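S.K.: You'll find query37.txt just under this line, and it carries compact mmCIF, C-alpha atoms.
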# COMPACT_ATOMS: atom_id res chain seq x y z
CA MET E 1 53.88 -43.49 -5.58
CA SER E 2 53.08 -46.58 -7.64
CA GLY E 3 52.06 -50.17 -7.09
CA ASN E 4 48.96 -52.31 -6.79
CA SER E 5 45.91 -50.77 -5.20
CA HIS E 6 44.70 -52.08 -1.84
CA TRP E 7 41.34 -50.37 -2.12
CA PRO E 8 38.47 -52.59 -0.98
CA PRO E 9 35.98 -53.83 -3.61
CA VAL E 10 32.41 -52.61 -3.16
CA LYS E 11 29.19 -53.08 -5.08
CA ILE E 12 27.95 -50.04 -6.94
CA SER E 13 24.63 -50.57 -5.14
CA ASP E 14 26.43 -49.54 -1.92
CA LEU E 15 27.22 -46.16 -3.44
CA ILE E 16 24.12 -45.13 -5.39
CA ARG E 17 20.37 -45.78 -5.16
CA GLU E 18 17.91 -45.56 -8.05
CA SER E 19 15.44 -42.67 -8.02
CA ARG E 20 11.91 -43.10 -9.36
CA ILE E 21 9.90 -39.92 -8.85
CA LYS E 22 6.89 -40.17 -11.16
CA GLY E 23 6.58 -37.35 -13.66
CA GLY E 24 4.63 -36.70 -16.84
CA ASN E 25 4.25 -38.59 -20.08
CA GLY E 26 5.81 -38.52 -23.50
CA SER E 27 3.65 -35.66 -24.73
CA ASN E 28 4.52 -33.12 -22.03
CA ALA E 29 7.77 -34.13 -20.33
CA ARG E 30 10.85 -31.94 -20.56
CA LYS E 31 13.30 -34.59 -21.65
CA LEU E 32 16.96 -35.28 -21.07
CA THR E 33 19.42 -37.15 -23.23
CA ILE E 34 22.87 -38.52 -22.34
CA ARG E 35 25.65 -37.91 -24.83
CA LEU E 36 28.04 -40.71 -25.68
CA TYR E 37 31.58 -41.20 -24.36
CA GLY E 38 31.21 -39.22 -21.16
CA ARG E 39 30.27 -35.95 -22.86
CA GLY E 40 27.54 -35.07 -20.40
CA ILE E 41 23.78 -34.70 -20.12
CA VAL E 42 21.81 -32.18 -22.18
CA ALA E 43 18.21 -31.25 -22.85
CA SER E 44 16.64 -33.35 -25.59
CA SER E 45 15.24 -31.73 -28.72
CA ASP E 46 12.47 -34.35 -28.76
CA ARG E 47 9.18 -32.51 -28.27
CA GLY E 48 6.79 -35.35 -29.06
CA GLY E 49 5.98 -38.72 -27.56
CA SER E 50 3.30 -41.12 -26.48
CA GLU E 51 0.95 -40.25 -23.64
CA ALA E 52 1.19 -43.91 -22.61
CA THR E 53 4.91 -43.63 -21.84
CA ASN E 54 5.78 -42.94 -18.20
CA TYR E 55 8.50 -40.41 -17.42
CA TYR E 56 10.33 -39.81 -14.13
CA VAL E 57 11.56 -36.56 -12.62
CA ARG E 58 15.33 -36.19 -12.38
CA LYS E 59 17.26 -34.00 -9.95
CA ALA E 60 20.48 -32.02 -10.24
CA GLY E 61 23.47 -33.96 -8.96
CA GLN E 62 22.05 -37.38 -9.75
CA PHE E 63 24.10 -39.89 -11.70
CA ALA E 64 22.48 -41.23 -14.88
CA TYR E 65 23.32 -43.72 -17.59
CA SER E 66 21.63 -45.01 -20.73
CA LYS E 67 20.74 -48.69 -20.71
CA LEU E 68 20.85 -48.70 -24.50
CA ASP E 69 24.14 -46.81 -24.88
CA CYS E 70 26.01 -47.92 -21.77
CA LEU E 71 28.49 -49.72 -24.03
CA ASN E 72 29.13 -46.38 -25.77
CA GLY E 73 29.98 -44.50 -22.59
CA ALA E 74 26.62 -42.78 -22.05
CA PHE E 75 27.10 -41.64 -18.45
CA GLY E 76 26.69 -38.30 -16.76
CA ILE E 77 25.67 -36.23 -13.75
CA ILE E 78 22.62 -34.01 -14.14
CA PRO E 79 23.69 -30.32 -14.08
CA PRO E 80 21.80 -27.73 -11.98
CA HIS E 81 20.10 -26.07 -14.96
CA LEU E 82 18.40 -29.37 -15.89
CA ASP E 83 16.92 -29.99 -12.45
CA GLY E 84 13.35 -31.23 -12.83
CA TYR E 85 13.74 -32.60 -16.35
CA GLU E 86 12.54 -36.12 -17.01
CA THR E 87 13.52 -39.44 -18.61
CA THR E 88 12.05 -42.89 -19.04
CA LEU E 89 13.43 -45.89 -17.16
CA ASP E 90 15.74 -46.51 -20.12
CA LEU E 91 17.78 -43.62 -18.67
CA PRO E 92 17.75 -44.46 -14.95
CA THR E 93 19.08 -41.96 -12.42
CA PHE E 94 20.60 -42.50 -8.98
CA ASP E 95 21.22 -40.60 -5.77
CA PHE E 96 24.63 -40.92 -4.15
CA VAL E 97 24.29 -42.61 -0.75
CA GLY E 98 27.74 -43.94 0.18
CA ASP E 99 31.13 -42.46 0.93
CA VAL E 100 31.71 -41.60 -2.70
CA ASP E 101 32.73 -38.46 -4.55
CA PRO E 102 30.37 -38.00 -7.55
CA SER E 103 33.10 -36.68 -9.84
CA TRP E 104 35.42 -39.60 -9.02
CA PHE E 105 32.58 -42.06 -9.53
CA LEU E 106 31.67 -40.65 -12.95
CA LYS E 107 35.29 -40.68 -14.10
CA THR E 108 35.63 -44.28 -12.96
CA VAL E 109 32.57 -45.75 -14.67
CA ALA E 110 32.99 -43.65 -17.84
CA ARG E 111 36.25 -45.42 -18.72
CA PRO E 112 36.04 -47.92 -21.61
CA SER E 113 37.99 -50.39 -19.47
CA PHE E 114 35.11 -50.27 -16.98
CA TYR E 115 31.96 -50.19 -19.07
CA GLY E 116 33.39 -52.62 -21.60
CA ARG E 117 32.82 -55.39 -19.04
CA PHE E 118 29.07 -55.15 -19.71
CA LYS E 119 29.49 -56.33 -23.30
CA PHE E 120 28.38 -59.85 -22.44
CA ALA E 121 25.82 -58.81 -19.85
CA ALA E 122 23.69 -56.65 -22.16
CA ILE E 123 20.25 -57.90 -23.12
CA GLY E 124 18.56 -57.53 -26.50
CA SER E 125 19.37 -57.62 -30.18
CA ARG E 126 22.79 -56.81 -31.58
CA LYS E 127 21.58 -53.30 -32.47
CA ALA E 128 19.80 -52.68 -29.14
CA ASN E 129 21.81 -54.16 -26.28
CA ARG E 130 20.52 -52.82 -22.97
CA VAL E 131 22.49 -53.03 -19.73
CA PRO E 132 19.94 -53.71 -16.95
CA THR E 133 20.00 -51.62 -13.80
CA GLU E 134 20.37 -54.76 -11.67
CA GLU E 135 23.47 -55.77 -13.59
CA PHE E 136 24.99 -52.30 -13.29
CA LEU E 137 24.33 -52.04 -9.55
CA ALA E 138 25.71 -55.52 -8.88
CA THR E 139 29.05 -54.63 -10.45
CA ARG E 140 32.00 -54.15 -8.13
CA LEU E 141 34.67 -51.50 -8.20
CA SER E 142 37.64 -50.68 -5.97
CA LEU E 143 36.85 -47.80 -3.63
CA PRO E 144 39.61 -45.49 -2.40
CA PRO E 145 39.14 -43.48 0.80
CA LEU E 146 36.93 -40.44 0.24
CA ALA E 147 39.81 -37.98 0.53
CA GLU E 148 41.78 -39.87 -2.11
CA GLN E 149 38.74 -39.98 -4.40
CA ARG E 150 38.44 -36.22 -4.14
CA ALA E 151 42.16 -35.73 -4.73
CA ILE E 152 42.05 -37.91 -7.87
CA ALA E 153 38.97 -36.08 -9.16
CA THR E 154 40.65 -32.71 -8.57
CA VAL E 155 43.83 -33.68 -10.41
CA LEU E 156 41.90 -35.09 -13.37
CA GLY E 157 39.55 -32.10 -13.30
CA ALA E 158 42.54 -29.78 -13.70
CA THR E 159 43.67 -31.66 -16.82
CA GLU E 160 40.13 -31.50 -18.19
CA GLY E 161 40.08 -27.77 -17.56
CA THR E 162 43.23 -27.39 -19.64
CA ILE E 163 41.63 -29.40 -22.44
CA ALA E 164 38.51 -27.21 -22.26
CA LYS E 165 40.67 -24.09 -22.62
CA SER E 166 42.37 -25.61 -25.64
CA GLU E 167 39.00 -26.43 -27.21
CA ALA E 168 37.76 -22.90 -26.54
CA LEU E 169 40.85 -21.47 -28.22
CA ILE E 170 40.32 -23.68 -31.27
CA ALA E 171 36.68 -22.60 -31.49
CA ALA E 172 37.70 -18.93 -31.22
CA LEU E 173 40.31 -19.36 -33.96
CA LEU E 174 37.77 -21.04 -36.23
CA ASP E 175 35.30 -18.20 -35.68
CA ALA E 176 37.99 -15.61 -36.30
CA LYS E 177 39.09 -17.33 -39.49
CA HIS E 178 35.52 -17.59 -40.78
CA ALA E 179 34.85 -13.88 -40.18
CA THR E 180 38.19 -12.83 -41.64
CA MET E 181 37.94 -15.01 -44.74
CA ARG E 182 34.35 -13.94 -45.37
CA GLU E 183 35.57 -10.37 -45.63
CA LEU E 184 38.68 -11.18 -47.67
CA LEU E 185 36.91 -13.54 -50.09
CA THR E 186 34.25 -10.94 -50.88
CA HIS E 187 36.04 -7.58 -50.52
CA GLY E 188 39.72 -8.53 -50.68
CA ILE E 189 42.68 -6.76 -49.13
CA ARG E 190 40.94 -3.39 -49.18
CA ARG E 191 42.38 0.06 -49.67
CA GLU E 192 40.64 3.28 -48.74
CA LYS E 193 37.94 4.26 -51.26
CA ALA E 194 38.83 1.38 -53.57
CA PRO E 195 36.43 1.28 -56.54
CA MET E 196 33.66 -1.33 -56.44
CA LYS E 197 31.35 -2.72 -59.11
CA PRO E 198 27.96 -4.47 -58.94
CA LEU E 199 28.05 -8.23 -58.73
CA PRO E 200 26.20 -9.88 -61.63
CA SER E 201 22.80 -10.99 -60.42
CA ARG E 202 23.11 -14.38 -62.11
CA TRP E 203 25.36 -16.22 -59.69
CA VAL E 204 24.71 -19.93 -60.07
CA LEU E 205 26.84 -21.68 -57.43
CA GLY E 206 29.80 -20.93 -55.22
CA ARG E 207 28.67 -18.32 -52.71
CA VAL E 208 31.12 -17.69 -49.89
CA ALA E 209 28.60 -15.35 -48.25
CA GLU E 210 24.98 -14.34 -48.72
CA GLY E 211 23.93 -10.77 -49.45
CA ILE E 212 27.03 -9.68 -51.37
CA THR E 213 26.02 -7.13 -54.03
CA HIS E 214 29.33 -5.45 -54.96
CA ILE E 215 32.86 -6.66 -55.53
CA PRO E 216 36.18 -4.85 -56.15
CA ALA E 217 36.37 -3.39 -59.64
CA ASP E 218 39.36 -5.54 -60.62
CA TRP E 219 37.66 -8.82 -59.62
CA ASP E 220 35.64 -11.13 -61.85
CA LEU E 221 32.93 -13.72 -61.32
CA VAL E 222 34.02 -16.75 -63.34
CA THR E 223 32.88 -20.30 -63.96
CA LEU E 224 35.54 -22.39 -62.27
CA THR E 225 35.99 -24.75 -65.20
CA LYS E 226 37.07 -21.72 -67.29
CA VAL E 227 40.14 -21.15 -65.10
CA ALA E 228 40.85 -24.70 -63.89
CA LYS E 229 40.57 -28.14 -65.50
CA LEU E 230 38.25 -30.53 -63.66
CA GLU E 231 39.60 -34.06 -63.39
CA SER E 232 37.80 -37.05 -61.89
CA GLY E 233 39.71 -39.83 -60.15
CA HIS E 234 39.52 -43.54 -60.84
CA THR E 235 40.32 -46.86 -59.17
CA PRO E 236 42.40 -49.33 -61.20
CA SER E 237 41.16 -52.92 -61.14
CA ARG E 238 41.73 -54.65 -57.82
CA ASP E 239 41.85 -57.95 -59.70
CA LYS E 240 45.16 -56.99 -61.28
CA PRO E 241 47.97 -57.30 -58.72
CA ASP E 242 50.44 -55.69 -61.09
CA TYR E 243 48.38 -52.49 -61.02
CA TRP E 244 49.14 -51.96 -57.32
CA ASN E 245 52.06 -51.41 -54.91
CA GLY E 246 53.88 -49.22 -57.40
CA GLU E 247 55.59 -45.84 -57.14
CA ILE E 248 52.66 -43.52 -57.95
CA PRO E 249 50.79 -42.16 -54.88
CA TRP E 250 47.05 -42.87 -55.08
CA LEU E 251 44.71 -40.84 -52.86
CA SER E 252 41.58 -42.62 -51.57
CA LEU E 253 38.96 -42.25 -48.83
CA ALA E 254 41.46 -43.81 -46.43
CA ASP E 255 43.52 -40.64 -46.83
CA THR E 256 40.75 -38.11 -46.31
CA GLU E 257 42.23 -36.83 -43.04
CA ALA E 258 45.37 -35.90 -44.97
CA LEU E 259 43.33 -33.14 -46.61
CA ASP E 260 43.34 -31.28 -43.28
CA ALA E 261 46.92 -30.30 -44.09
CA LEU E 262 47.71 -27.55 -46.56
CA GLU E 263 49.49 -30.04 -48.82
CA VAL E 264 49.00 -33.77 -49.38
CA ASP E 265 52.26 -35.69 -49.57
CA GLN E 266 51.77 -39.32 -48.50
CA THR E 267 49.00 -41.78 -49.41
CA SER E 268 48.10 -45.16 -47.94
CA GLU E 269 48.32 -46.90 -51.32
CA CYS E 270 50.32 -46.54 -54.53
CA VAL E 271 49.64 -47.73 -58.07
CA THR E 272 51.91 -48.71 -60.94
CA ALA E 273 52.37 -47.04 -64.29
CA LYS E 274 50.65 -50.08 -65.79
CA GLY E 275 47.65 -49.52 -63.52
CA ILE E 276 47.41 -45.94 -64.74
CA ALA E 277 47.85 -46.89 -68.40
CA ASN E 278 45.10 -49.53 -68.28
CA SER E 279 42.46 -47.49 -66.45
CA SER E 280 40.82 -44.09 -66.51
CA ALA E 281 43.09 -42.94 -63.68
CA ARG E 282 45.46 -40.06 -64.38
CA VAL E 283 48.59 -38.79 -62.73
CA LEU E 284 47.84 -35.19 -61.82
CA PRO E 285 50.53 -32.52 -61.50
CA LYS E 286 51.91 -30.97 -58.34
CA ASP E 287 49.65 -28.23 -56.89
CA THR E 288 46.48 -29.84 -58.22
CA VAL E 289 43.68 -28.90 -55.78
CA VAL E 290 42.00 -32.05 -54.49
CA PHE E 291 38.46 -31.83 -53.09
CA SER E 292 36.62 -34.56 -51.18
CA ARG E 293 33.19 -34.90 -52.79
CA THR E 294 31.95 -37.99 -50.89
CA ALA E 295 31.74 -39.04 -47.24
CA THR E 296 33.53 -36.11 -45.54
CA VAL E 297 32.45 -33.62 -48.19
CA GLY E 298 34.27 -30.32 -48.43
CA LYS E 299 37.82 -31.11 -47.38
CA ALA E 300 40.35 -29.55 -49.70
CA SER E 301 44.11 -29.41 -50.06
CA ARG E 302 46.69 -29.35 -52.80
CA MET E 303 49.06 -32.04 -54.01
CA LYS E 304 52.65 -31.63 -52.89
CA ARG E 305 53.77 -33.94 -55.70
CA PRO E 306 52.19 -35.70 -58.71
CA MET E 307 49.64 -38.33 -57.73
CA ALA E 308 46.40 -40.02 -58.78
CA THR E 309 43.14 -40.24 -56.84
CA SER E 310 40.06 -42.41 -56.53
CA GLN E 311 36.69 -41.29 -57.91
CA ASP E 312 35.80 -39.90 -54.46
CA PHE E 313 37.60 -36.67 -55.29
CA ALA E 314 37.11 -33.79 -57.68
CA ASN E 315 40.50 -32.55 -58.80
CA TRP E 316 41.31 -29.10 -60.15
CA VAL E 317 44.37 -28.34 -62.26
CA CYS E 318 44.59 -24.57 -61.96
CA GLY E 319 45.34 -22.34 -64.94
CA PRO E 320 47.64 -19.29 -64.86
CA THR E 321 44.96 -16.92 -63.53
CA LEU E 322 44.05 -19.08 -60.51
CA VAL E 323 46.38 -19.58 -57.52
CA PRO E 324 45.92 -23.13 -56.12
CA ALA E 325 46.30 -22.00 -52.50
CA TYR E 326 43.53 -19.43 -53.05
CA LEU E 327 41.16 -22.07 -54.42
CA VAL E 328 41.83 -24.27 -51.38
CA GLN E 329 40.80 -21.41 -49.09
CA VAL E 330 37.67 -20.73 -51.14
CA PHE E 331 36.69 -24.41 -50.89
CA ARG E 332 37.40 -24.59 -47.16
CA HIS E 333 35.23 -21.55 -46.54
CA MET E 334 32.20 -22.80 -48.47
CA GLU E 335 30.85 -25.24 -45.87
CA ARG E 336 27.23 -24.11 -46.17
CA GLU E 337 27.37 -24.29 -49.94
CA TRP E 338 28.66 -27.85 -49.84
CA ASP E 339 25.85 -28.82 -47.48
CA ARG E 340 23.32 -27.34 -49.88
CA LEU E 341 24.83 -29.05 -52.92
CA GLN E 342 24.43 -32.46 -51.25
CA GLU E 343 20.66 -32.04 -51.09
CA GLY E 344 18.91 -34.58 -53.26
CA SER E 345 21.75 -37.10 -53.16
CA THR E 346 21.04 -40.44 -51.51
CA HIS E 347 24.47 -40.42 -49.89
CA GLN E 348 26.86 -37.72 -48.70
CA THR E 349 27.94 -36.86 -52.22
CA ILE E 350 28.29 -33.95 -54.61
CA TYR E 351 27.91 -35.25 -58.13
CA MET E 352 30.55 -34.31 -60.70
CA PRO E 353 28.17 -32.43 -63.08
CA VAL E 354 27.46 -29.94 -60.29
CA PHE E 355 31.06 -28.74 -60.38
CA LYS E 356 30.73 -27.72 -64.03
CA LYS E 357 28.33 -24.95 -62.97
CA LEU E 358 30.42 -23.76 -60.03
CA GLN E 359 31.35 -20.07 -60.05
CA ILE E 360 33.88 -18.27 -57.87
CA LEU E 361 35.08 -14.72 -57.34
CA LEU E 362 38.48 -14.20 -58.95
CA PRO E 363 40.80 -11.40 -57.77
CA PRO E 364 44.14 -10.65 -59.48
CA THR E 365 46.69 -13.38 -58.74
CA THR E 366 48.75 -11.15 -56.42
CA GLU E 367 45.69 -10.55 -54.26
CA GLN E 368 44.71 -14.23 -54.43
CA GLN E 369 48.08 -15.10 -52.91
CA LYS E 370 47.71 -12.52 -50.13
CA ILE E 371 44.27 -13.86 -49.24
CA ALA E 372 45.59 -17.43 -49.30
CA ASP E 373 48.48 -16.45 -47.01
CA VAL E 374 46.05 -15.16 -44.39
CA GLY E 375 43.91 -18.30 -44.57
CA GLU E 376 46.94 -20.57 -44.37
CA ALA E 377 48.27 -18.71 -41.32
CA PHE E 378 44.98 -19.44 -39.56
CA ASP E 379 45.06 -23.08 -40.70
CA MET E 380 48.59 -23.62 -39.40
CA ARG E 381 47.73 -22.10 -36.02
CA ILE E 382 44.54 -24.16 -35.74
CA ALA E 383 46.42 -27.35 -36.71
CA LYS E 384 49.01 -26.63 -34.02
CA GLU E 385 46.33 -26.13 -31.37
CA ARG E 386 44.58 -29.34 -32.44
CA GLU E 387 47.84 -31.23 -32.00
CA THR E 388 48.18 -29.68 -28.55
CA ARG E 389 44.64 -30.73 -27.66
CA LYS E 390 45.28 -34.26 -28.94
CA ALA E 391 48.37 -34.56 -26.74
CA LEU E 392 46.46 -33.21 -23.73
CA VAL E 393 43.66 -35.75 -24.23
CA GLU E 394 46.12 -38.61 -24.58
CA ASN E 395 47.92 -37.53 -21.41
CA ARG E 396 44.61 -37.13 -19.55
CA ASP E 397 43.42 -40.59 -20.59
CA ALA E 398 46.71 -42.23 -19.61
CA LEU E 399 46.78 -40.43 -16.25
CA ALA E 400 43.13 -41.32 -15.57
CA GLN E 401 43.76 -44.98 -16.29
CA GLU E 402 46.66 -45.10 -13.83
CA LEU E 403 45.06 -43.05 -11.04
CA LEU E 404 41.59 -44.59 -11.21
CA SER E 405 42.97 -48.12 -11.27
CA GLY E 406 45.33 -47.45 -8.37
CA ARG E 407 48.45 -48.38 -10.30
CA ILE E 408 49.73 -44.90 -9.50
CA ARG E 409 48.85 -43.33 -6.15
CA LEU E 410 48.88 -39.63 -5.43
CA PRO E 411 51.33 -38.38 -2.80
CA GLU E 412 49.98 -38.14 0.73
CA SER E 413 50.75 -34.41 0.69
CA ILE E 414 48.03 -33.96 -1.94
CA ILE E 415 45.52 -36.35 -0.40
CA VAL E 416 45.81 -34.81 3.08
CA ARG E 417 44.50 -31.46 1.83
CA HIS E 418 41.26 -33.12 0.80
CA ARG E 419 41.09 -35.05 4.08
CA ASP E 420 41.33 -31.78 5.98
CA LYS E 421 38.55 -30.26 3.85
CA ALA E 422 36.32 -33.26 4.50
CA GLU E 423 36.85 -33.02 8.25
CA GLN E 424 36.14 -29.28 8.24
CA ALA E 425 32.92 -29.85 6.25
CA ALA E 426 31.83 -32.51 8.73
Just give me the structure as structure tokens.

M.R.:
Amino acid sequence: MSGNSHWPPVKISDLIRESRIKGGNGSNARKLTIRLYGRGIVASSDRGGSEATNYYVRKAGQFAYSKLDCLNGAFGIIPPHLDGYETTLDLPTFDFVGDVDPSWFLKTVARPSFYGRFKFAAIGSRKANRVPTEEFLATRLSLPPLAEQRAIATVLGATEGTIAKSEALIAALLDAKHATMRELLTHGIRREKAPMKPLPSRWVLGRVAEGITHIPADWDLVTLTKVAKLESGHTPSRDKPDYWNGEIPWLSLADTEALDALEVDQTSECVTAKGIANSSARVLPKDTVVFSRTATVGKASRMKRPMATSQDFANWVCGPTLVPAYLVQVFRHMEREWDRLQEGSTHQTIYMPVFKKLQILLPPTTEQQKIADVGEAFDMRIAKERETRKALVENRDALAQELLSGRIRLPESIIVRHRDKAEQAA
């Protein structure tokens, strides 16, 4: 059923009432924080604070929002395990007092189309715009009958449950890949009683796992620059129009997400042969391993065709003893190492000289390919599940917009079940 909603407008103050139960102070309060974009309420890691700051006790089931981050979707309902935690008045909480379903209410106010209306009502500087409680409570929304609210919340809750299952599956796949690759990248595709040898104690950089003391006898620990040529990228002059809009793909930070795929094919910009010839940029061969060394550090893929890159990438042209797909899997596994190598930089960056010291474990090429095949199988499955999750979220958001605005109405056969439950509860 579709069409315009005939739900009556009501003030939010008719549905919720602010709670102000005095609690402790900043030095002893158990504090709550509200995550952005409707992602719930959690315990705060903040253990300090001023004794002069007043805190207020919050109860399970209360609605809360952040005055400071209202425009970023900071709304939530306090879960049972956080009953008795506290916040300041910058995170006001409210008891439900009207004929309103809490889940429906949260889903309604947590939509960007709803909270975006406070953009011009917020008070403060550009970096600290607070939405006052009075302004929030004075806002009107269209209120469906209670049974319809509950029906809408149930339908949207079912879609959210499907999304949660998808997210759990992705997390499980990531954990499984990490455990599997840790074993393969340190012990390989093992055979019974395969000979091992001690790992040289002097291992500078490149650990895929801590505590590894032995490696297969036919493996080596090598400096990466001995088996692959390190190439930096470059940006041709932007002042030269004839350097740009050519036929040579040029990878930049704008294309970083493309490194999630196993191969990079398309880029957002292209350069000309003249741009390459008159700069330090180079056209790198197919299968060059490209590694993001700034901003989103640690993403790695390989070039599906010849292309150039900006200086934000470290590029590796693999020699005959190094399989490019294997190096990609090594790089993708080394998240902790990349975090450590950023220490001391003023930005999220790994400086090029660091790569010259990088060492990796090198199996025979046949085993490198087998290890890469396992890693790529995980990557393809994870990518597929992420696409599924993305589609589910898009469908959920579109459905929520239509149901919560009343442009689409649920069939009476669904609503009546919730009306019957409400009457039985009464």

S.K.: Give the answer as one residue: which of E:Asp260, E:Glu18, E:Glu269, E:Asp218 has the shortest atom-to-atom distance to Pro363 (chain E), using all atoms listed in the file?

M.R.: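 Under the stated criterion, the closest residue is E:Asp218.
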
S.K.: Around (43.2, -16.2, -61.3) in the file's frame, which residues reach within 10 Å when counting only C-alpha atoms? Return as an NGL selection string?

M.R.: :E and (219-220 or 222 or 224 or 227-228 or 318-324 or 326-327 or 361-369)

S.K.: E:Ala43, E:Leu71, E:Ala110, E:Ala64: which is nearest Asn129 (chain E), counting all atoms listed in the file?

M.R.: E:Leu71

S.K.: Just the residues within 12 Å of Trp7 (chain E), please, counting all atoms listed in the file, with nothing from its chain fewer than 2 positions along; format it as a count of residues only.

M.R.: 19

S.K.: Can you tell me, as lines of an AutoDock Vina configuration file, the centre and edge lengths (Å, one decimal) of the axis-aligned box enclosing all of region 60-71 of chain E's listed atoms after padding each side by 3 Å?

M.R.:
center_x = 24.5
center_y = -40.9
center_z = -16.9
size_x = 14.0
size_y = 23.7
size_z = 21.9

S.K.: Find the residue from E:Lys165, E:Lys356, E:Arg396, E:Lys67 that sits nearest to Arg130 (chain E); use only C-alpha atoms when measuring.

M.R.: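 Smallest separation from Arg130 (chain E) among the options: E:Lys67.
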
S.K.: Show me, as a VMD selection string, the residues that have an atom within 12 Å of Arg190 (chain E) when counting all atoms listed in the file, minus same-chain residues fewer than 2 positions from it.

M.R.: chain E and resid 183 to 188 192 to 196 215 to 218 363 367 370 to 371

S.K.: Would you mind telling me which residue in E:Asp255, E:Glu247, E:Asp312, E:Glu210 lies nearest to Ser232 (chain E) when using all atoms listed in the file?

M.R.: E:Asp312

S.K.: For Ile41 (chain E), list every protein, DNA or RNA residue within 8 Å, evaluated using all atoms listed in the file, and leave out those in the same chain fewer than 3 positions away; present the list as JSON, numbers by chain.

M.R.: {"E": [32, 33, 34, 35, 75, 76, 77, 78, 79]}

S.K.: Using all atoms listed in the file for the distances, tell me which of E:Ser268, E:Thr87, E:Ser50, E:Thr139 is nearest to Ser66 (chain E).

M.R.: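 Going through E:Ser268, E:Thr87, E:Ser50, E:Thr139 one by one, the smallest distance to Ser66 (chain E) is for E:Thr87.
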
S.K.: Please work out which residues fall within 10 Å of (44.0, -41.1, -15.9), coordinates as given in the file, with only C-alpha atoms counting, and return them as number ranges by chain.

M.R.: E: 107-108, 111, 152-153, 155-156, 159, 393-406, 408

S.K.: For a test of reading the model, state the distance in Å between CA of Ser310 (chain E) and CA of Thr235 (chain E), rounded to one decimal.

M.R.: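 Computed distance, CA of Ser310 (chain E) to CA of Thr235 (chain E), equals 5.2 Å.
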
S.K.: Between CA of Phe355 (chain E) and CA of Ala314 (chain E), what is the spacing in Å?

M.R.: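 So the two atoms, CA of Ala314 (chain E) and CA of Phe355 (chain E), lie 8.3 Å apart.
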
S.K.: Within 12 Å of Ala281 (chain E), counting only C-alpha atoms, which residues show up once you throw out same-chain ones fewer than 2 positions away? Write them as a VMD selection string, please.

M.R.: chain E and resid 231 to 237 243 248 to 251 271 to 279 283 to 284 307 to 311 313 315

S.K.: Counting only C-alpha atoms, which of E:Ile16, E:Ala147, E:Ile170, E:Leu36 gets nearest to Ala383 (chain E)?

M.R.: E:Ile170

S.K.: Excluding Gln342 (chain E) and its own-chain neighbours fewer than 6 positions away, which residues fall within 10 Å of it when counting only C-alpha atoms? Please give them as a ChimeraX atom specification.

M.R.: /E:293-294,297,348-351,354

S.K.: What is the distance, in Å and to one decimal place, between CA of Gly23 (chain E) and CA of Thr133 (chain E)?

M.R.: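 Going from CA of Gly23 (chain E) over to CA of Thr133 (chain E), I get 19.6 Å.
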
S.K.: Restore N, CA, C and O atoms in region 292-299 of chain E and list the result as an mmCIF file, keeping the file's coordinate frame.

M.R.:
data_model
loop_
_atom_site.group_PDB
_atom_site.id
_atom_site.type_symbol
_atom_site.label_atom_id
_atom_site.label_comp_id
_atom_site.auth_asym_id
_atom_site.auth_seq_id
_atom_site.Cartn_x
_atom_site.Cartn_y
_atom_site.Cartn_z
ATOM 1 N N SER E 292 37.374 -33.366 -51.557
ATOM 2 C CA SER E 292 36.620 -34.560 -51.180
ATOM 3 C C SER E 292 35.142 -34.339 -51.456
ATOM 4 O O SER E 292 34.510 -33.498 -50.829
ATOM 5 N N ARG E 293 34.589 -35.103 -52.399
ATOM 6 C CA ARG E 293 33.190 -34.900 -52.790
ATOM 7 C C ARG E 293 32.264 -35.981 -52.258
ATOM 8 O O ARG E 293 31.053 -35.949 -52.510
ATOM 9 N N THR E 294 32.790 -36.961 -51.518
ATOM 10 C CA THR E 294 31.950 -37.990 -50.890
ATOM 11 C C THR E 294 32.360 -38.139 -49.432
ATOM 12 O O THR E 294 33.433 -37.702 -49.015
ATOM 13 N N ALA E 295 31.492 -38.764 -48.664
ATOM 14 C CA ALA E 295 31.740 -39.040 -47.240
ATOM 15 C C ALA E 295 31.993 -37.731 -46.481
ATOM 16 O O ALA E 295 31.038 -37.035 -46.148
ATOM 17 N N THR E 296 33.221 -37.373 -46.219
ATOM 18 C CA THR E 296 33.530 -36.110 -45.540
ATOM 19 C C THR E 296 33.641 -35.005 -46.588
ATOM 20 O O THR E 296 34.736 -34.557 -46.927
ATOM 21 N N VAL E 297 32.501 -34.583 -47.083
ATOM 22 C CA VAL E 297 32.450 -33.620 -48.190
ATOM 23 C C VAL E 297 33.014 -32.274 -47.762
ATOM 24 O O VAL E 297 32.715 -31.764 -46.678
ATOM 25 N N GLY E 298 33.824 -31.685 -48.628
ATOM 26 C CA GLY E 298 34.270 -30.320 -48.430
ATOM 27 C C GLY E 298 35.722 -30.151 -48.026
ATOM 28 O O GLY E 298 36.225 -29.033 -48.000
ATOM 29 N N LYS E 299 36.397 -31.245 -47.709
ATOM 30 C CA LYS E 299 37.820 -31.110 -47.380
ATOM 31 C C LYS E 299 38.606 -30.831 -48.640
ATOM 32 O O LYS E 299 38.339 -31.405 -49.696
#
